[in-house]
file run28.pdb (PDB, C-alpha atoms)
ATOM      1  CA  MET A   1    -109.582  84.731 -19.040
ATOM      2  CA  GLY A   2    -111.445  85.409 -22.287
ATOM      3  CA  ALA A   3    -111.955  89.099 -22.983
ATOM      4  CA  ALA A   4    -109.062  91.186 -21.789
ATOM      5  CA  ALA A   5    -109.042  94.626 -20.243
ATOM      6  CA  GLU A   6    -108.681  97.538 -22.624
ATOM      7  CA  PRO A   7    -105.051  98.322 -23.533
ATOM      8  CA  GLY A   8    -103.733 101.053 -21.264
ATOM      9  CA  SER A   9    -106.324 100.369 -18.580
ATOM     10  CA  TRP A  10    -104.974  99.787 -15.082
ATOM     11  CA  LEU A  11    -107.054  96.593 -15.046
ATOM     12  CA  ALA A  12    -104.653  95.166 -17.627
ATOM     13  CA  LEU A  13    -101.631  95.538 -15.357
ATOM     14  CA  PRO A  14    -100.071  92.151 -14.451
ATOM     15  CA  GLU A  15    -100.085  92.923 -10.733
ATOM     16  CA  VAL A  16    -103.780  93.823 -10.853
ATOM     17  CA  ALA A  17    -104.584  90.633 -12.760
ATOM     18  CA  ALA A  18    -102.772  88.618 -10.080
ATOM     19  CA  VAL A  19    -104.785  90.281  -7.306
ATOM     20  CA  ARG A  20    -107.964  89.696  -9.316
ATOM     21  CA  ARG A  21    -107.297  85.952  -9.483
ATOM     22  CA  ARG A  22    -106.416  85.795  -5.786
ATOM     23  CA  THR A  23    -109.545  87.753  -4.883
ATOM     24  CA  ARG A  24    -111.784  85.462  -6.922
ATOM     25  CA  THR A  25    -110.323  82.309  -5.376
ATOM     26  CA  THR A  26    -110.583  83.733  -1.857
ATOM     27  CA  LEU A  27    -114.190  84.800  -2.324
ATOM     28  CA  LEU A  28    -115.221  81.434  -3.744
ATOM     29  CA  VAL A  29    -113.615  79.516  -0.881
ATOM     30  CA  GLY A  30    -115.093  81.933   1.640
ATOM     31  CA  GLN A  31    -118.579  81.679   0.159
ATOM     32  CA  VAL A  32    -118.561  77.880   0.281
ATOM     33  CA  LEU A  33    -117.323  77.684   3.874
ATOM     34  CA  GLY A  34    -119.397  80.601   5.131
ATOM     35  CA  SER A  35    -122.613  79.548   3.434
ATOM     36  CA  LEU A  36    -122.337  76.156   5.114
ATOM     37  CA  GLY A  37    -122.133  77.854   8.491
ATOM     38  CA  VAL A  38    -124.942  80.332   7.869
ATOM     39  CA  GLY A  39    -127.051  77.636   6.199
ATOM     40  CA  ALA A  40    -127.705  75.957   9.538
ATOM     41  CA  ALA A  41    -129.654  78.959  10.842
ATOM     42  CA  PRO A  42    -132.866  78.784   8.771
ATOM     43  CA  SER A  43    -133.559  75.104   9.508
ATOM     44  CA  VAL A  44    -131.727  73.905  12.605
ATOM     45  CA  GLY A  45    -132.082  77.346  14.169
ATOM     46  CA  VAL A  46    -135.866  77.219  14.000
ATOM     47  CA  LEU A  47    -135.904  73.791  15.654
ATOM     48  CA  LEU A  48    -133.527  75.030  18.337
ATOM     49  CA  ALA A  49    -135.718  78.089  18.944
ATOM     50  CA  ALA A  50    -138.811  75.945  19.385
ATOM     51  CA  GLU A  51    -136.944  73.707  21.820
ATOM     52  CA  VAL A  52    -135.473  76.574  23.869
ATOM     53  CA  ALA A  53    -138.540  78.825  23.938
ATOM     54  CA  HIS A  54    -141.242  76.125  23.743
ATOM     55  CA  SER A  55    -143.114  78.486  21.447
ATOM     56  CA  GLU A  56    -143.828  78.542  17.722
ATOM     57  CA  THR A  57    -143.942  82.345  17.929
ATOM     58  CA  TRP A  58    -140.376  82.551  19.195
ATOM     59  CA  ALA A  59    -139.355  80.013  16.599
ATOM     60  CA  GLY A  60    -140.685  82.434  13.980
ATOM     61  CA  VAL A  61    -138.846  85.333  15.619
ATOM     62  CA  ALA A  62    -135.643  83.332  15.504
ATOM     63  CA  ARG A  63    -136.214  82.495  11.842
ATOM     64  CA  ALA A  64    -136.549  86.201  11.045
ATOM     65  CA  GLY A  65    -133.587  87.111  13.246
ATOM     66  CA  THR A  66    -130.946  86.314  10.637
ATOM     67  CA  THR A  67    -132.688  88.474   8.032
ATOM     68  CA  VAL A  68    -133.131  91.347  10.484
ATOM     69  CA  GLY A  69    -129.517  91.045  11.583
ATOM     70  CA  ALA A  70    -128.338  91.149   7.984
ATOM     71  CA  ALA A  71    -130.365  94.309   7.376
ATOM     72  CA  LEU A  72    -129.004  96.008  10.502
ATOM     73  CA  LEU A  73    -125.393  95.068   9.822
ATOM     74  CA  SER A  74    -125.242  95.660   6.066
ATOM     75  CA  LEU A  75    -124.813  99.439   6.248
ATOM     76  CA  PRO A  76    -122.088  99.453   8.956
ATOM     77  CA  LEU A  77    -120.177  96.726   7.114
ATOM     78  CA  ALA A  78    -120.468  98.649   3.834
ATOM     79  CA  ALA A  79    -119.156 101.792   5.544
ATOM     80  CA  LEU A  80    -116.267  99.805   7.009
ATOM     81  CA  ALA A  81    -115.444  98.441   3.543
ATOM     82  CA  ALA A  82    -115.433 101.936   2.057
ATOM     83  CA  ARG A  83    -113.011 103.175   4.705
ATOM     84  CA  HIS A  84    -110.801 100.161   5.374
ATOM     85  CA  GLY A  85    -111.382  97.701   2.526
ATOM     86  CA  ARG A  86    -113.376  94.593   1.744
ATOM     87  CA  GLY A  87    -111.191  92.216   3.731
ATOM     88  CA  ARG A  88    -111.855  93.778   7.118
ATOM     89  CA  ALA A  89    -115.567  94.246   6.475
ATOM     90  CA  LEU A  90    -116.185  90.723   5.211
ATOM     91  CA  ALA A  91    -114.060  89.152   7.947
ATOM     92  CA  LEU A  92    -115.958  91.089  10.610
ATOM     93  CA  GLY A  93    -119.278  89.932   9.152
ATOM     94  CA  TRP A  94    -118.206  86.295   9.233
ATOM     95  CA  TRP A  95    -116.764  86.606  12.736
ATOM     96  CA  LEU A  96    -119.966  88.213  14.024
ATOM     97  CA  ALA A  97    -121.825  85.216  12.611
ATOM     98  CA  ALA A  98    -119.353  82.880  14.350
ATOM     99  CA  ALA A  99    -120.038  84.678  17.623
ATOM    100  CA  GLY A 100    -123.756  84.345  16.932
ATOM    101  CA  ALA A 101    -123.400  80.607  16.461
ATOM    102  CA  GLY A 102    -121.560  80.460  19.772
ATOM    103  CA  LEU A 103    -124.405  82.348  21.440
ATOM    104  CA  LEU A 104    -126.880  79.841  20.042
ATOM    105  CA  VAL A 105    -124.919  77.009  21.615
ATOM    106  CA  LEU A 106    -124.941  78.893  24.916
ATOM    107  CA  ALA A 107    -128.679  79.573  24.522
ATOM    108  CA  ALA A 108    -129.302  75.849  24.133
ATOM    109  CA  VAL A 109    -127.237  75.018  27.220
ATOM    110  CA  THR A 110    -128.824  77.704  29.416
ATOM    111  CA  VAL A 111    -132.296  77.606  27.814
ATOM    112  CA  SER A 112    -132.104  81.382  27.314
ATOM    113  CA  VAL A 113    -134.448  83.130  24.881
ATOM    114  CA  PRO A 114    -132.538  86.465  24.924
ATOM    115  CA  LEU A 115    -129.314  84.674  23.967
ATOM    116  CA  LEU A 116    -131.233  82.837  21.274
ATOM    117  CA  VAL A 117    -132.451  86.097  19.705
ATOM    118  CA  LEU A 118    -129.047  87.776  19.986
ATOM    119  CA  GLY A 119    -127.411  84.763  18.412
ATOM    120  CA  MET A 120    -129.749  84.766  15.441
ATOM    121  CA  LEU A 121    -129.275  88.508  14.951
ATOM    122  CA  ALA A 122    -125.495  88.109  14.988
ATOM    123  CA  MET A 123    -125.764  85.265  12.478
ATOM    124  CA  GLY A 124    -127.083  87.941  10.154
ATOM    125  CA  GLY A 125    -123.506  89.191   9.891
ATOM    126  CA  GLY A 126    -122.733  86.146   7.787
ATOM    127  CA  ALA A 127    -125.715  86.780   5.534
ATOM    128  CA  ALA A 128    -124.578  90.395   5.088
ATOM    129  CA  ALA A 129    -121.052  89.221   4.267
ATOM    130  CA  GLN A 130    -122.438  86.799   1.685
ATOM    131  CA  LEU A 131    -124.233  89.652  -0.055
ATOM    132  CA  GLN A 132    -121.285  92.055   0.076
ATOM    133  CA  ALA A 133    -118.916  89.422  -1.306
ATOM    134  CA  ARG A 134    -120.793  89.811  -4.584
ATOM    135  CA  PHE A 135    -119.634  93.410  -4.861
ATOM    136  CA  ALA A 136    -116.100  92.445  -3.874
ATOM    137  CA  ALA A 137    -116.077  90.099  -6.869
ATOM    138  CA  THR A 138    -116.588  93.078  -9.201
ATOM    139  CA  ASP A 139    -114.022  95.499  -7.725
ATOM    140  CA  LEU A 140    -111.227  94.384 -10.064
ATOM    141  CA  ALA A 141    -113.267  92.556 -12.691
ATOM    142  CA  VAL A 142    -112.802  93.415 -16.343
ATOM    143  CA  PRO A 143    -115.990  95.253 -17.436
ATOM    144  CA  ALA A 144    -116.955  92.473 -19.853
ATOM    145  CA  HIS A 145    -116.713  89.917 -17.025
ATOM    146  CA  ARG A 146    -118.291  91.769 -14.099
ATOM    147  CA  ALA A 147    -121.659  90.074 -14.398
ATOM    148  CA  ARG A 148    -120.023  86.649 -14.654
ATOM    149  CA  SER A 149    -117.807  87.300 -11.631
ATOM    150  CA  LEU A 150    -120.788  88.355  -9.532
ATOM    151  CA  ALA A 151    -122.893  85.410 -10.719
ATOM    152  CA  LEU A 152    -120.140  82.924  -9.865
ATOM    153  CA  VAL A 153    -119.959  84.153  -6.273
ATOM    154  CA  VAL A 154    -123.746  83.999  -5.996
ATOM    155  CA  TRP A 155    -123.816  80.480  -7.434
ATOM    156  CA  VAL A 156    -121.282  78.973  -5.037
ATOM    157  CA  GLY A 157    -123.224  80.513  -2.153
ATOM    158  CA  THR A 158    -126.088  78.151  -2.913
ATOM    159  CA  PHE A 159    -124.037  75.324  -1.390
ATOM    160  CA  GLY A 160    -124.991  76.577   2.042
ATOM    161  CA  ALA A 161    -128.682  76.671   1.232
ATOM    162  CA  VAL A 162    -128.516  73.052   0.076
ATOM    163  CA  LEU A 163    -126.002  71.522   2.486
ATOM    164  CA  GLY A 164    -126.330  73.759   5.556
ATOM    165  CA  PRO A 165    -129.551  72.143   6.843
ATOM    166  CA  ASN A 166    -127.798  68.752   6.667
ATOM    167  CA  MET A 167    -125.409  69.837   9.417
ATOM    168  CA  GLY A 168    -127.993  68.671  11.904
ATOM    169  CA  ALA A 169    -126.888  65.031  11.703
ATOM    170  CA  PRO A 170    -123.134  65.546  12.248
ATOM    171  CA  GLY A 171    -124.048  68.177  14.822
ATOM    172  CA  GLU A 172    -126.061  65.664  16.820
ATOM    173  CA  ALA A 173    -123.165  63.223  16.726
ATOM    174  CA  LEU A 174    -120.838  65.936  18.013
ATOM    175  CA  ALA A 175    -123.308  66.944  20.714
ATOM    176  CA  ALA A 176    -123.634  63.337  21.875
ATOM    177  CA  ARG A 177    -119.864  63.123  22.324
ATOM    178  CA  THR A 178    -119.556  66.432  24.143
ATOM    179  CA  GLY A 179    -122.696  66.292  26.266
ATOM    180  CA  LEU A 180    -124.278  69.335  24.615
ATOM    181  CA  PRO A 181    -127.985  69.575  23.732
ATOM    182  CA  PRO A 182    -128.524  67.709  20.430
ATOM    183  CA  LEU A 183    -129.498  70.664  18.229
ATOM    184  CA  SER A 184    -126.625  72.830  19.469
ATOM    185  CA  GLY A 185    -123.985  70.624  17.860
ATOM    186  CA  ALA A 186    -124.730  72.034  14.408
ATOM    187  CA  PHE A 187    -123.858  75.496  15.669
ATOM    188  CA  VAL A 188    -120.573  74.339  17.163
ATOM    189  CA  LEU A 189    -119.657  73.243  13.642
ATOM    190  CA  ALA A 190    -121.087  76.461  12.203
ATOM    191  CA  ALA A 191    -119.024  78.605  14.591
ATOM    192  CA  ALA A 192    -115.845  76.833  13.537
ATOM    193  CA  LEU A 193    -116.631  77.181   9.820
ATOM    194  CA  LEU A 194    -117.526  80.853  10.156
ATOM    195  CA  ALA A 195    -114.421  81.667  12.180
ATOM    196  CA  VAL A 196    -112.249  79.985   9.555
ATOM    197  CA  THR A 197    -114.096  81.856   6.801
ATOM    198  CA  GLY A 198    -113.280  85.203   8.397
ATOM    199  CA  ALA A 199    -109.607  84.270   8.667
ATOM    200  CA  VAL A 200    -109.474  83.049   5.047
ATOM    201  CA  VAL A 201    -111.056  86.249   3.745
ATOM    202  CA  LEU A 202    -108.873  88.567   5.809
ATOM    203  CA  ALA A 203    -105.690  86.767   4.751
ATOM    204  CA  GLY A 204    -106.690  86.260   1.124
ATOM    205  CA  LEU A 205    -107.907  89.761   0.295
ATOM    206  CA  ARG A 206    -104.421  91.280   0.473
ATOM    207  CA  PRO A 207    -103.875  93.600  -1.296
ATOM    208  CA  ASP A 208    -107.465  94.611  -0.720
ATOM    209  CA  PRO A 209    -109.357  94.722  -4.046
ATOM    210  CA  LEU A 210    -111.493  97.745  -3.190
ATOM    211  CA  ARG A 211    -108.563  99.794  -1.873
ATOM    212  CA  LEU A 212    -106.523  98.857  -4.937
ATOM    213  CA  ALA A 213    -109.360  99.932  -7.241
ATOM    214  CA  GLN A 214    -109.766 103.186  -5.322
ATOM    215  CA  ARG A 215    -106.067 104.013  -5.652
ATOM    216  CA  HIS A 216    -105.975 103.399  -9.384
ATOM    217  CA  THR A 217    -109.250 105.226 -10.005
ATOM    218  CA  ALA A 218    -108.057 108.251  -8.034
ATOM    219  CA  ALA A 219    -104.818 108.308 -10.049
ATOM    220  CA  GLU A 220    -106.605 108.456 -13.407
TER     221      GLU A 220
END

call {"tool": "encode", "arguments": {"input": "run28.pdb", "output": "structure tokens"}}
result
Amino acid sequence: MGAAAEPGSWLALPEVAAVRRRTRTTLLVGQVLGSLGVGAAPSVGVLLAAEVAHSETWAGVARAGTTVGAALLSLPLAALAARHGRGRALALGWWLAAAGAGLLVLAAVTVSVPLLVLGMLAMGGGAAAQLQARFAATDLAVPAHRARSLALVVWVGTFGAVLGPNMGAPGEALAARTGLPPLSGAFVLAAALLAVTGAVVLAGLRPDPLRLAQRHTAAE
């Protein structure tokens, strides 16, 4: 892996190196899957909001909902990570986003503005998880590679920004087969991707990188 940890450092232990590799792989897979799910919100979500609320104002509120939700959920998720580890916090963030996507489907079916707003706010859990995954990438990183580890997680997250809006087309095909409103199909797919992301992160971040780092740091 290029530069090694300093001799005698707990970061150089074979078992820590193994967890570091597993953590990196898990975070990269999670970022790709999760960013695809969250990526539908800024584009398809705005169109869905305009269709449900018949208002450009509410479409703007929906567009801001993911950002507001991320801001509201970031602190609780960070506190959960500090107490119980990255895995639980990140998984909860992704699962909240999955629930939000489900609410958006329900909002489209029932033409409900309150459900629309709640769904967009909950989708912010995925955005918060995306941001906190960057810190998870540095928990066990060798000091010389911390910046690279963080940058790699950020970079793979751009897949969602690029490909997420394109979920509209397969979503419409799914909606046509299931009888759902056309724009809601993208969020059926998003809910599935986000739910899987939470499961991947929870299973893959074992041992938890932050808890492992805390134990070794406390022992020094």

call {"tool": "resolve_selection", "arguments": {"input": "run28.pdb", "expression": "the PyMOL selection byres ((chain A and resi 155) around 12)", "output": "list of chain:residue names"}}
result
A:Leu27, A:Leu28, A:Gln31, A:Val32, A:Ser35, A:Gln130, A:Leu131, A:Ala133, A:Arg134, A:Arg148, A:Ser149, A:Leu150, A:Ala151, A:Leu152, A:Val153, A:Val154, A:Val156, A:Gly157, A:Thr158, A:Phe159, A:Gly160, A:Ala161, A:Val162

call {"tool": "write_last_selection", "arguments": {"input": "run28.pdb", "atoms": "C-alpha atoms", "output": "PDB file, in the coordinates of the input"}}
result
ATOM      1  CA  LEU A  27    -114.190  84.800  -2.324  1.00  0.00           C
ATOM      2  CA  LEU A  28    -115.221  81.434  -3.744  1.00  0.00           C
ATOM      3  CA  GLN A  31    -118.579  81.679   0.159  1.00  0.00           C
ATOM      4  CA  VAL A  32    -118.561  77.880   0.281  1.00  0.00           C
ATOM      5  CA  SER A  35    -122.613  79.548   3.434  1.00  0.00           C
ATOM      6  CA  GLN A 130    -122.438  86.799   1.685  1.00  0.00           C
ATOM      7  CA  LEU A 131    -124.233  89.652  -0.055  1.00  0.00           C
ATOM      8  CA  ALA A 133    -118.916  89.422  -1.306  1.00  0.00           C
ATOM      9  CA  ARG A 134    -120.793  89.811  -4.584  1.00  0.00           C
ATOM     10  CA  ARG A 148    -120.023  86.649 -14.654  1.00  0.00           C
ATOM     11  CA  SER A 149    -117.807  87.300 -11.631  1.00  0.00           C
ATOM     12  CA  LEU A 150    -120.788  88.355  -9.532  1.00  0.00           C
ATOM     13  CA  ALA A 151    -122.893  85.410 -10.719  1.00  0.00           C
ATOM     14  CA  LEU A 152    -120.140  82.924  -9.865  1.00  0.00           C
ATOM     15  CA  VAL A 153    -119.959  84.153  -6.273  1.00  0.00           C
ATOM     16  CA  VAL A 154    -123.746  83.999  -5.996  1.00  0.00           C
ATOM     17  CA  VAL A 156    -121.282  78.973  -5.037  1.00  0.00           C
ATOM     18  CA  GLY A 157    -123.224  80.513  -2.153  1.00  0.00           C
ATOM     19  CA  THR A 158    -126.088  78.151  -2.913  1.00  0.00           C
ATOM     20  CA  PHE A 159    -124.037  75.324  -1.390  1.00  0.00           C
ATOM     21  CA  GLY A 160    -124.991  76.577   2.042  1.00  0.00           C
ATOM     22  CA  ALA A 161    -128.682  76.671   1.232  1.00  0.00           C
ATOM     23  CA  VAL A 162    -128.516  73.052   0.076  1.00  0.00           C
TER      24      VAL A 162
END

call {"tool": "closest_atom_pairs", "arguments": {"input": "run28.pdb", "of": "region 104-175 of chain A", "to": "region 63-66 of chain A", "cutoff": "9 Å", "atoms": "only C-alpha atoms", "output": "CSV"}}
result
residue,atom,partner,partner_atom,distance
A:Val117,CA,A:Gly65,CA,6.6
A:Leu118,CA,A:Gly65,CA,8.2
A:Gly119,CA,A:Gly65,CA,8.4
A:Met120,CA,A:Gly65,CA,5.0
A:Leu121,CA,A:Gly65,CA,4.8
A:Ala122,CA,A:Thr66,CA,7.2
A:Met123,CA,A:Thr66,CA,5.6
A:Gly124,CA,A:Thr66,CA,4.2
A:Gly125,CA,A:Thr66,CA,8.0
A:Gly126,CA,A:Thr66,CA,8.7
A:Ala127,CA,A:Thr66,CA,7.3

call {"tool": "write_last_selection", "arguments": {"input": "run28.pdb", "atoms": "C-alpha atoms", "output": "mmCIF file, in the frame of the given file"}}
result
data_model
loop_
_atom_site.group_PDB
_atom_site.id
_atom_site.type_symbol
_atom_site.label_atom_id
_atom_site.label_comp_id
_atom_site.auth_asym_id
_atom_site.auth_seq_id
_atom_site.Cartn_x
_atom_site.Cartn_y
_atom_site.Cartn_z
ATOM 1 C CA VAL A 117 -132.451 86.097 19.705
ATOM 2 C CA LEU A 118 -129.047 87.776 19.986
ATOM 3 C CA GLY A 119 -127.411 84.763 18.412
ATOM 4 C CA MET A 120 -129.749 84.766 15.441
ATOM 5 C CA LEU A 121 -129.275 88.508 14.951
ATOM 6 C CA ALA A 122 -125.495 88.109 14.988
ATOM 7 C CA MET A 123 -125.764 85.265 12.478
ATOM 8 C CA GLY A 124 -127.083 87.941 10.154
ATOM 9 C CA GLY A 125 -123.506 89.191 9.891
ATOM 10 C CA GLY A 126 -122.733 86.146 7.787
ATOM 11 C CA ALA A 127 -125.715 86.780 5.534
#

call {"tool": "residues_around", "arguments": {"input": "run28.pdb", "residues": "Ala129 (chain A)", "least_positions_apart": "6", "cutoff": "10 Å", "atoms": "only C-alpha atoms", "output": "JSON, numbers by chain"}}
result
{"A": [30, 31, 34, 35, 70, 73, 74, 77, 78, 86, 89, 90, 91, 92, 93, 94, 95, 96, 97, 198]}

call {"tool": "resolve_selection", "arguments": {"input": "run28.pdb", "expression": "the PyMOL selection byres ((chain A and resi 102-115) around 12)", "output": "ChimeraX atom specification"}}
result
/A:37,40-41,44-55,57-59,61-62,65,95-101,116-123,171,175,178-195

call {"tool": "closest_residue", "arguments": {"input": "run28.pdb", "among": "A:Ser43, A:Thr26, A:Thr67, A:Asn166", "to": "Ala199 (chain A)", "atoms": "all atoms listed in the file"}}
result
A:Thr26

call {"tool": "closest_atom_pairs", "arguments": {"input": "run28.pdb", "of": "region 121-193 of chain A", "to": "region 204-218 of chain A", "cutoff": "9 Å", "atoms": "only C-alpha atoms", "output": "Markdown table"}}
result
| residue | atom | partner | partner_atom | distance |
| --- | --- | --- | --- | --- |
| A:Ala136 | CA | A:Leu210 | CA | 7.1 |
| A:Ala137 | CA | A:Pro209 | CA | 8.6 |
| A:Asp139 | CA | A:Leu210 | CA | 5.7 |
| A:Leu140 | CA | A:Pro209 | CA | 6.3 |

call {"tool": "write_last_selection", "arguments": {"input": "run28.pdb", "atoms": "C-alpha atoms", "output": "PDB file, in the frame of the given file"}}
result
ATOM      1  CA  ALA A 136    -116.100  92.445  -3.874  1.00  0.00           C
ATOM      2  CA  ALA A 137    -116.077  90.099  -6.869  1.00  0.00           C
ATOM      3  CA  ASP A 139    -114.022  95.499  -7.725  1.00  0.00           C
ATOM      4  CA  LEU A 140    -111.227  94.384 -10.064  1.00  0.00           C
TER       5      LEU A 140
END

call {"tool": "atom_distance", "arguments": {"input": "run28.pdb", "atom1": "CA of Arg146 (chain A)", "atom2": "CA of Val196 (chain A)"}}
result
27.1 Å

call {"tool": "atom_distance", "arguments": {"input": "run28.pdb", "atom1": "CA of Glu15 (chain A)", "atom2": "CA of Gln132 (chain A)"}}
result
23.8 Å

call {"tool": "atom_distance", "arguments": {"input": "run28.pdb", "atom1": "CA of Arg24 (chain A)", "atom2": "CA of Arg88 (chain A)"}}
result
16.3 Å

call {"tool": "closest_residue", "arguments": {"input": "run28.pdb", "among": "A:Ala128, A:Ala169, A:Ala82, A:Leu163", "to": "Gly69 (chain A)", "atoms": "only C-alpha atoms"}}
result
A:Ala128

call {"tool": "decode", "arguments": {"input": "run28.pdb", "residues": "region 160-180 of chain A", "atoms": "N, CA, C and O atoms", "output": "PDB file, in the first residue's frame"}}
result
ATOM      1  N   GLY A 160     -23.054   9.008  -8.145  1.00  0.00           N
ATOM      2  CA  GLY A 160     -24.469   9.311  -7.934  1.00  0.00           C
ATOM      3  C   GLY A 160     -24.882  10.611  -8.574  1.00  0.00           C
ATOM      4  O   GLY A 160     -25.970  10.719  -9.161  1.00  0.00           O
ATOM      5  N   ALA A 161     -24.010  11.622  -8.468  1.00  0.00           N
ATOM      6  CA  ALA A 161     -24.329  12.920  -9.051  1.00  0.00           C
ATOM      7  C   ALA A 161     -24.466  12.826 -10.569  1.00  0.00           C
ATOM      8  O   ALA A 161     -25.257  13.534 -11.186  1.00  0.00           O
ATOM      9  N   VAL A 162     -23.691  11.925 -11.179  1.00  0.00           N
ATOM     10  CA  VAL A 162     -23.707  11.784 -12.627  1.00  0.00           C
ATOM     11  C   VAL A 162     -24.813  10.836 -13.095  1.00  0.00           C
ATOM     12  O   VAL A 162     -25.554  11.126 -14.036  1.00  0.00           O
ATOM     13  N   LEU A 163     -24.912   9.678 -12.416  1.00  0.00           N
ATOM     14  CA  LEU A 163     -25.826   8.635 -12.881  1.00  0.00           C
ATOM     15  C   LEU A 163     -27.197   8.671 -12.205  1.00  0.00           C
ATOM     16  O   LEU A 163     -28.174   8.174 -12.774  1.00  0.00           O
ATOM     17  N   GLY A 164     -27.279   9.234 -11.008  1.00  0.00           N
ATOM     18  CA  GLY A 164     -28.542   9.252 -10.278  1.00  0.00           C
ATOM     19  C   GLY A 164     -29.702   9.848 -11.054  1.00  0.00           C
ATOM     20  O   GLY A 164     -30.796   9.267 -11.113  1.00  0.00           O
ATOM     21  N   PRO A 165     -29.505  11.031 -11.686  1.00  0.00           N
ATOM     22  CA  PRO A 165     -30.608  11.620 -12.459  1.00  0.00           C
ATOM     23  C   PRO A 165     -31.092  10.729 -13.597  1.00  0.00           C
ATOM     24  O   PRO A 165     -32.227  10.864 -14.064  1.00  0.00           O
ATOM     25  N   ASN A 166     -30.230   9.817 -14.074  1.00  0.00           N
ATOM     26  CA  ASN A 166     -30.622   8.937 -15.180  1.00  0.00           C
ATOM     27  C   ASN A 166     -31.518   7.788 -14.728  1.00  0.00           C
ATOM     28  O   ASN A 166     -31.939   6.968 -15.561  1.00  0.00           O
ATOM     29  N   MET A 167     -31.821   7.721 -13.439  1.00  0.00           N
ATOM     30  CA  MET A 167     -32.709   6.675 -12.948  1.00  0.00           C
ATOM     31  C   MET A 167     -34.153   6.926 -13.350  1.00  0.00           C
ATOM     32  O   MET A 167     -35.014   6.072 -13.174  1.00  0.00           O
ATOM     33  N   GLY A 168     -34.401   8.116 -13.886  1.00  0.00           N
ATOM     34  CA  GLY A 168     -35.763   8.432 -14.294  1.00  0.00           C
ATOM     35  C   GLY A 168     -36.292   7.487 -15.359  1.00  0.00           C
ATOM     36  O   GLY A 168     -37.447   7.044 -15.297  1.00  0.00           O
ATOM     37  N   ALA A 169     -35.455   7.146 -16.336  1.00  0.00           N
ATOM     38  CA  ALA A 169     -35.904   6.285 -17.436  1.00  0.00           C
ATOM     39  C   ALA A 169     -36.227   4.865 -16.974  1.00  0.00           C
ATOM     40  O   ALA A 169     -37.343   4.372 -17.218  1.00  0.00           O
ATOM     41  N   PRO A 170     -35.317   4.166 -16.284  1.00  0.00           N
ATOM     42  CA  PRO A 170     -35.686   2.840 -15.781  1.00  0.00           C
ATOM     43  C   PRO A 170     -36.812   2.903 -14.756  1.00  0.00           C
ATOM     44  O   PRO A 170     -37.621   1.982 -14.648  1.00  0.00           O
ATOM     45  N   GLY A 171     -36.882   4.023 -14.029  1.00  0.00           N
ATOM     46  CA  GLY A 171     -37.967   4.193 -13.071  1.00  0.00           C
ATOM     47  C   GLY A 171     -39.319   4.275 -13.744  1.00  0.00           C
ATOM     48  O   GLY A 171     -40.306   3.699 -13.274  1.00  0.00           O
ATOM     49  N   GLU A 172     -39.380   4.957 -14.870  1.00  0.00           N
ATOM     50  CA  GLU A 172     -40.641   5.055 -15.613  1.00  0.00           C
ATOM     51  C   GLU A 172     -41.062   3.695 -16.155  1.00  0.00           C
ATOM     52  O   GLU A 172     -42.253   3.359 -16.165  1.00  0.00           O
ATOM     53  N   ALA A 173     -40.074   2.923 -16.603  1.00  0.00           N
ATOM     54  CA  ALA A 173     -40.390   1.580 -17.101  1.00  0.00           C
ATOM     55  C   ALA A 173     -40.948   0.707 -15.980  1.00  0.00           C
ATOM     56  O   ALA A 173     -41.917  -0.034 -16.171  1.00  0.00           O
ATOM     57  N   LEU A 174     -40.337   0.827 -14.791  1.00  0.00           N
ATOM     58  CA  LEU A 174     -40.826   0.069 -13.643  1.00  0.00           C
ATOM     59  C   LEU A 174     -42.220   0.524 -13.240  1.00  0.00           C
ATOM     60  O   LEU A 174     -43.101  -0.302 -12.943  1.00  0.00           O
ATOM     61  N   ALA A 175     -42.435   1.835 -13.240  1.00  0.00           N
ATOM     62  CA  ALA A 175     -43.747   2.368 -12.872  1.00  0.00           C
ATOM     63  C   ALA A 175     -44.822   1.905 -13.842  1.00  0.00           C
ATOM     64  O   ALA A 175     -45.959   1.601 -13.440  1.00  0.00           O
ATOM     65  N   ALA A 176     -44.489   1.854 -15.125  1.00  0.00           N
ATOM     66  CA  ALA A 176     -45.465   1.406 -16.127  1.00  0.00           C
ATOM     67  C   ALA A 176     -45.884  -0.039 -15.883  1.00  0.00           C
ATOM     68  O   ALA A 176     -47.046  -0.406 -16.083  1.00  0.00           O
ATOM     69  N   ARG A 177     -44.947  -0.862 -15.430  1.00  0.00           N
ATOM     70  CA  ARG A 177     -45.258  -2.269 -15.170  1.00  0.00           C
ATOM     71  C   ARG A 177     -46.051  -2.468 -13.887  1.00  0.00           C
ATOM     72  O   ARG A 177     -46.806  -3.435 -13.765  1.00  0.00           O
ATOM     73  N   THR A 178     -45.850  -1.586 -12.935  1.00  0.00           N
ATOM     74  CA  THR A 178     -46.485  -1.760 -11.622  1.00  0.00           C
ATOM     75  C   THR A 178     -47.712  -0.888 -11.416  1.00  0.00           C
ATOM     76  O   THR A 178     -48.400  -1.010 -10.411  1.00  0.00           O
ATOM     77  N   GLY A 179     -47.970   0.017 -12.368  1.00  0.00           N
ATOM     78  CA  GLY A 179     -49.134   0.886 -12.233  1.00  0.00           C
ATOM     79  C   GLY A 179     -48.917   2.087 -11.338  1.00  0.00           C
ATOM     80  O   GLY A 179     -49.873   2.776 -10.981  1.00  0.00           O
ATOM     81  N   LEU A 180     -47.668   2.376 -10.981  1.00  0.00           N
ATOM     82  CA  LEU A 180     -47.364   3.531 -10.145  1.00  0.00           C
ATOM     83  C   LEU A 180     -47.261   4.792 -10.998  1.00  0.00           C
ATOM     84  O   LEU A 180     -47.069   4.708 -12.216  1.00  0.00           O
TER      85      LEU A 180
END
